[in-house]
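entry_33.tsv, holding TSV, C-alpha atoms:
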chain	number	residue	atom	x	y	z
A	1293	MET	CA	63.00	0.94	73.50
A	1294	PRO	CA	59.83	-1.08	73.98
A	1295	ALA	CA	58.36	0.50	70.83
A	1296	LEU	CA	61.50	-0.30	68.80
A	1297	VAL	CA	61.58	-3.88	70.05
A	1298	SER	CA	57.89	-4.23	69.20
A	1299	LEU	CA	58.55	-2.98	65.66
A	1300	ARG	CA	61.37	-5.50	65.27
A	1301	GLU	CA	59.20	-8.34	66.62
A	1302	GLN	CA	56.47	-7.39	64.12
A	1303	GLY	CA	59.02	-7.52	61.31
A	1304	LEU	CA	58.53	-3.83	60.54
A	1305	VAL	CA	62.23	-3.11	61.17
A	1306	GLY	CA	65.02	-5.57	60.60
A	1307	ALA	CA	67.40	-4.40	63.29
A	1308	ILE	CA	67.89	-1.85	66.04
A	1309	GLY	CA	71.23	-0.08	66.30
A	1310	ILE	CA	73.05	2.16	68.73
A	1311	ALA	CA	75.61	4.90	68.24
A	1312	ALA	CA	76.71	7.35	70.91
A	1313	ALA	CA	79.76	9.43	71.71
A	1314	GLY	CA	82.47	8.42	74.15
A	1315	GLY	CA	82.35	7.23	77.71
A	1316	THR	CA	80.69	3.96	78.64
A	1317	LEU	CA	77.23	4.85	77.32
A	1318	VAL	CA	77.51	2.53	74.31
A	1319	GLU	CA	78.72	-0.33	76.49
A	1320	ASP	CA	75.78	0.22	78.83
A	1321	TYR	CA	73.38	0.04	75.88
A	1322	ILE	CA	75.05	-3.11	74.54
A	1323	ARG	CA	74.62	-4.80	77.92
A	1324	THR	CA	70.83	-4.42	77.59
A	1325	ASP	CA	70.95	-7.03	74.78
A	1326	ALA	CA	68.24	-5.03	72.99
A	1327	PHE	CA	70.40	-3.96	70.04
A	1328	ASP	CA	71.41	-5.77	66.87
A	1329	ALA	CA	74.03	-3.31	65.61
A	1330	VAL	CA	76.50	-0.78	66.97
A	1331	LEU	CA	78.43	2.04	65.35
A	1332	THR	CA	81.80	3.20	66.67
A	1333	HIS	CA	83.15	6.56	65.58
A	1334	ASN	CA	86.80	7.68	65.90
A	1335	ARG	CA	87.36	5.03	68.56
A	1336	TYR	CA	88.88	2.10	66.66
A	1337	THR	CA	91.62	3.28	64.36
A	1338	LEU	CA	95.25	2.76	63.53
A	1339	VAL	CA	96.12	4.99	66.52
A	1340	ASP	CA	93.20	4.39	68.90
A	1341	ARG	CA	91.78	1.24	70.48
A	1342	GLY	CA	89.14	2.96	72.60
A	1343	ALA	CA	86.36	0.80	71.14
A	1344	GLU	CA	88.02	-2.51	71.99
A	1345	ASP	CA	85.44	-3.28	74.70
A	1346	ILE	CA	82.63	-2.37	72.30
A	1347	LEU	CA	83.98	-4.76	69.67
A	1348	ARG	CA	84.45	-7.55	72.21
A	1349	MET	CA	80.97	-7.15	73.70
A	1350	ALA	CA	79.35	-6.86	70.27
A	1351	ALA	CA	81.10	-10.02	69.05
A	1352	GLU	CA	79.93	-11.92	72.14
A	1353	ARG	CA	76.36	-10.90	71.26
A	1354	ARG	CA	76.76	-11.47	67.50
A	1355	MET	CA	75.95	-7.81	66.83
A	1356	THR	CA	76.76	-6.13	63.55
A	1357	VAL	CA	79.55	-3.57	63.97
A	1358	PHE	CA	79.96	-0.47	61.84
A	1359	ASN	CA	83.33	1.23	62.36
A	1360	ALA	CA	83.16	4.86	61.29
A	1361	ALA	CA	85.89	7.44	60.82
A	1362	PRO	CA	88.92	5.20	60.19
A	1363	PHE	CA	90.89	8.38	59.40
A	1364	GLY	CA	90.28	9.81	62.89
A	1365	GLY	CA	88.59	12.95	61.64
A	1366	GLY	CA	91.37	13.60	59.12
A	1367	ILE	CA	94.64	13.15	61.00
A	1368	LEU	CA	95.21	9.75	59.33
A	1369	SER	CA	94.05	10.91	55.90
A	1370	GLY	CA	97.21	12.90	55.36
A	1371	SER	CA	95.37	16.21	55.60
A	1372	PRO	CA	97.70	18.94	56.91
A	1373	ARG	CA	94.60	20.85	58.01
A	1374	HIS	CA	93.79	18.08	60.53
A	1375	ALA	CA	97.36	17.18	61.59
A	1376	SER	CA	96.89	18.40	65.16
A	1377	ARG	CA	93.36	17.09	65.76
A	1378	TYR	CA	91.93	13.63	66.31
A	1379	GLY	CA	88.18	13.07	66.36
A	1380	TYR	CA	87.86	16.84	65.80
A	1381	ARG	CA	89.61	17.57	69.10
A	1382	PRO	CA	93.14	18.84	69.81
A	1383	ILE	CA	95.67	16.06	70.43
A	1384	SER	CA	98.01	15.75	73.39
A	1385	PRO	CA	101.79	15.76	72.82
A	1386	GLU	CA	101.89	12.06	73.79
A	1387	PHE	CA	99.19	11.17	71.28
A	1388	GLY	CA	100.93	13.28	68.62
A	1389	ARG	CA	104.20	11.38	69.20
A	1390	HIS	CA	102.39	8.08	68.77
A	1391	VAL	CA	100.79	9.24	65.51
A	1392	GLU	CA	104.23	10.33	64.30
A	1393	ARG	CA	105.70	6.88	65.13
A	1394	VAL	CA	102.90	5.26	63.13
A	1395	ARG	CA	103.52	7.69	60.25
A	1396	GLU	CA	107.24	6.81	60.33
A	1397	LEU	CA	106.38	3.11	60.32
A	1398	CYS	CA	104.24	3.64	57.22
A	1399	ASP	CA	107.13	5.50	55.57
A	1400	ARG	CA	109.55	2.65	56.35
A	1401	TRP	CA	107.16	0.15	54.78
A	1402	GLU	CA	106.39	2.56	51.90
A	1403	ILE	CA	102.69	2.42	52.74
A	1404	ALA	CA	100.43	5.46	52.51
A	1405	LEU	CA	99.18	6.36	55.98
A	1406	PRO	CA	95.55	6.61	54.77
A	1407	ALA	CA	95.80	3.12	53.22
A	1408	ALA	CA	97.08	1.66	56.49
A	1409	ALA	CA	94.35	3.49	58.42
A	1410	LEU	CA	91.61	2.15	56.16
A	1411	HIS	CA	92.96	-1.40	56.15
A	1412	PHE	CA	93.24	-1.40	59.94
A	1413	SER	CA	89.44	-1.35	60.02
A	1414	LEU	CA	88.86	-3.47	56.92
A	1415	ARG	CA	90.98	-6.35	58.23
A	1416	GLU	CA	89.34	-6.51	61.67
A	1417	PRO	CA	87.01	-9.55	61.64
A	1418	ARG	CA	84.72	-8.05	64.31
A	1419	VAL	CA	84.02	-5.05	62.03
A	1420	HIS	CA	81.36	-5.81	59.45
A	1421	SER	CA	81.35	-2.46	57.67
A	1422	THR	CA	83.76	0.46	57.63
A	1423	VAL	CA	82.12	3.85	57.22
A	1424	VAL	CA	84.36	6.41	55.50
A	1425	GLY	CA	83.67	10.12	55.50
A	1426	ILE	CA	84.64	11.84	52.28
A	1427	SER	CA	85.31	15.59	52.20
A	1428	SER	CA	85.82	16.06	48.46
A	1429	VAL	CA	85.38	14.45	45.06
A	1430	GLU	CA	89.16	14.01	44.91
A	1431	ARG	CA	89.15	11.99	48.13
A	1432	LEU	CA	86.29	9.87	46.81
A	1433	GLU	CA	88.23	9.18	43.62
A	1434	ALA	CA	91.32	8.23	45.67
A	1435	LEU	CA	89.38	5.75	47.81
A	1436	ASP	CA	89.68	2.83	45.36
A	1437	ALA	CA	93.48	3.03	45.46
A	1438	LEU	CA	93.41	2.96	49.27
A	1439	VAL	CA	91.12	-0.08	49.26
A	1440	ASP	CA	93.32	-1.83	46.69
A	1441	ALA	CA	96.58	-1.13	48.56
A	1442	VAL	CA	98.42	-4.22	49.72
A	1443	ILE	CA	99.56	-4.05	53.33
A	1444	PRO	CA	102.09	-6.80	54.20
A	1445	ASP	CA	101.49	-8.85	57.35
A	1446	GLY	CA	104.86	-7.69	58.67
A	1447	PHE	CA	103.58	-4.14	58.86
A	1448	TRP	CA	100.87	-5.20	61.31
A	1449	ASP	CA	103.47	-7.03	63.41
A	1450	ASP	CA	105.57	-3.86	63.54
A	1451	LEU	CA	102.50	-1.80	64.42
A	1452	ARG	CA	101.80	-4.11	67.38
A	1453	ALA	CA	105.44	-3.75	68.42
A	1454	LEU	CA	104.89	0.00	68.86
A	1455	GLY	CA	102.75	-0.87	71.88
A	1456	ALA	CA	99.31	0.25	72.92
A	1457	PRO	CA	98.32	3.72	71.76
A	1458	PRO	CA	97.99	6.38	74.45
A	1459	PRO	CA	94.51	7.64	75.30
A	1460	SER	CA	92.99	9.62	72.47
A	1461	PRO	CA	91.18	12.95	72.79
A	1462	VAL	CA	87.85	11.13	72.32
A	1463	ASP	CA	88.34	8.83	75.34
As structure tokens - that is how I would like this structure written.
Amino acid sequence: MPALVSLREQGLVGAIGIAAAGGTLVEDYIRTDAFDAVLTHNRYTLVDRGAEDILRMAAERRMTVFNAAPFGGGILSGSPRHASRYGYRPISPEFGRHVERVRELCDRWEIALPAAALHFSLREPRVHSTVVGISSVERLEALDALVDAVIPDGFWDDLRALGAPPPSPVD
């Protein structure tokens, strides 16, 4: 860290960022006040609020936040191949029921689940950039339509009414 801070102080790097998997490791790094940016991954999505403390702490420190994997490793992209996994890990029955309730909510509002998942991150003011993984040219070509989708405010109210998501497999 001293070498990275020195490089930043010399103007040789513009910012120092942190990204790490699960647990409280990222929060511990944020508390050092040495970092300018943080990346969350599969921890702040339509069905997971595991990164809430990260977002809060980063906002308090005016850090840049990158939110990666808004589709939860595929489960929110509509991919049948990933329907039973979140963050590349098997889901619990409780988590699966919550995902199904969110999917049903999207159906009631006639909103594509991937569009809602993407907009969940895009509309969060503490998130400065949403990082989307793309597994095929077709998914890349479909991304513009997801970005352009209009999600009514009432949908977000109904999502909140579902209550807090259960712990995800990445917690």
Selection as number ranges by chain: residues within 10 Å of (109.6, 1.1, 68.9), counting only C-alpha atoms: A: 1393-1394, 1397, 1450-1455
Write out as a PDB file with C-alpha atoms, keeping the file's coordinate frame each polymer residue whose atoms come within 12 Å of Asp1328 of chain A, counting only C-alpha atoms; drop sequence neighbours fewer than 2 positions from it.
ATOM      1  CA  LEU A1296      61.500  -0.300  68.800  1.00  0.00           C
ATOM      2  CA  VAL A1297      61.580  -3.880  70.050  1.00  0.00           C
ATOM      3  CA  ARG A1300      61.370  -5.500  65.270  1.00  0.00           C
ATOM      4  CA  VAL A1305      62.230  -3.110  61.170  1.00  0.00           C
ATOM      5  CA  GLY A1306      65.020  -5.570  60.600  1.00  0.00           C
ATOM      6  CA  ALA A1307      67.400  -4.400  63.290  1.00  0.00           C
ATOM      7  CA  ILE A1308      67.890  -1.850  66.040  1.00  0.00           C
ATOM      8  CA  GLY A1309      71.230  -0.080  66.300  1.00  0.00           C
ATOM      9  CA  ILE A1310      73.050   2.160  68.730  1.00  0.00           C
ATOM     10  CA  ALA A1311      75.610   4.900  68.240  1.00  0.00           C
ATOM     11  CA  TYR A1321      73.380   0.040  75.880  1.00  0.00           C
ATOM     12  CA  ILE A1322      75.050  -3.110  74.540  1.00  0.00           C
ATOM     13  CA  ARG A1323      74.620  -4.800  77.920  1.00  0.00           C
ATOM     14  CA  THR A1324      70.830  -4.420  77.590  1.00  0.00           C
ATOM     15  CA  ASP A1325      70.950  -7.030  74.780  1.00  0.00           C
ATOM     16  CA  ALA A1326      68.240  -5.030  72.990  1.00  0.00           C
ATOM     17  CA  VAL A1330      76.500  -0.780  66.970  1.00  0.00           C
ATOM     18  CA  LEU A1331      78.430   2.040  65.350  1.00  0.00           C
ATOM     19  CA  MET A1349      80.970  -7.150  73.700  1.00  0.00           C
ATOM     20  CA  ALA A1350      79.350  -6.860  70.270  1.00  0.00           C
ATOM     21  CA  ALA A1351      81.100 -10.020  69.050  1.00  0.00           C
ATOM     22  CA  GLU A1352      79.930 -11.920  72.140  1.00  0.00           C
ATOM     23  CA  ARG A1353      76.360 -10.900  71.260  1.00  0.00           C
ATOM     24  CA  ARG A1354      76.760 -11.470  67.500  1.00  0.00           C
ATOM     25  CA  MET A1355      75.950  -7.810  66.830  1.00  0.00           C
ATOM     26  CA  THR A1356      76.760  -6.130  63.550  1.00  0.00           C
ATOM     27  CA  VAL A1357      79.550  -3.570  63.970  1.00  0.00           C
ATOM     28  CA  PHE A1358      79.960  -0.470  61.840  1.00  0.00           C
TER      29      PHE A1358
END
Distance of atom CA of Arg1415 of chain A from atom CA of Ile1443 of chain A, expressed in Å to one decimal place: 10.1 Å
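What separates atom CA of His1333 of chain A from atom CA of Ser1384 of chain A is a distance of 19.1 Å.
Restricting the calculation to all atoms listed in the file, the smallest distance between Leu1405 of chain A and any of A:Pro1294, A:Pro1444, A:Gly1365, A:Gly1370 is found for A:Gly1370.
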Atomic separation - atom CA of Asn1359 of chain A relative to atom CA of Thr1337 of chain A, Å: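 Atom-to-atom, atom CA of Thr1337 of chain A and atom CA of Asn1359 of chain A are spaced 8.8 Å apart.
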Given only C-alpha atoms as the counted atoms, nearest of A:Phe1327, A:Leu1368, A:Ala1343, A:Val1318 to Met1293 of chain A: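 Under the stated criterion, the closest residue is A:Phe1327.
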Provide an axis-aligned box for all listed atoms of segment 1360-1377 of chain A, padding each side by 4 Å; report its centre and its edge lengths in Å to one decimal, as JSON.
{"center_x": 90.4, "center_y": 12.9, "center_z": 60.6, "size_x": 22.5, "size_y": 24.0, "size_z": 18.4}
From A:Pro1461, A:Pro1417, A:Pro1372, A:Pro1406, residue lying nearest Leu1347 of chain A [only C-alpha atoms]: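 The answer is A:Pro1417, which sits nearest to Leu1347 of chain A.
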A:Ala1360, A:Leu1317, A:Ala1295, A:Leu1438 ranked by distance to Arg1335 of chain A, top pick (using all atoms listed in the file):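 Among the listed residues, A:Ala1360 lies closest to Arg1335 of chain A.
Take the candidates A:Ser1371, A:Val1339, A:Glu1416, A:Trp1448 and check each one against Glu1392 of chain A using only C-alpha atoms; the shortest distance goes to A:Val1339.
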Nearest to Gly1425 of chain A, chosen from A:Ser1376, A:Ser1413, A:Ser1369, A:Thr1316, with only C-alpha atoms counted in the distances: A:Ser1369
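Near Gly1364 of chain A, within 7 Å and counting all atoms listed in the file, sit Asn1334, Thr1337, Ala1361, Ile1367, Leu1368, Tyr1378 and Gly1379 of chain A; same-chain residues fewer than 3 positions away were not included.
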Residues within 6 Å of Ala1409 of chain A, all atoms listed in the file, excluding chain neighbours under 3 positions, as a ChimeraX atom specification: /A:1338,1362,1406,1412
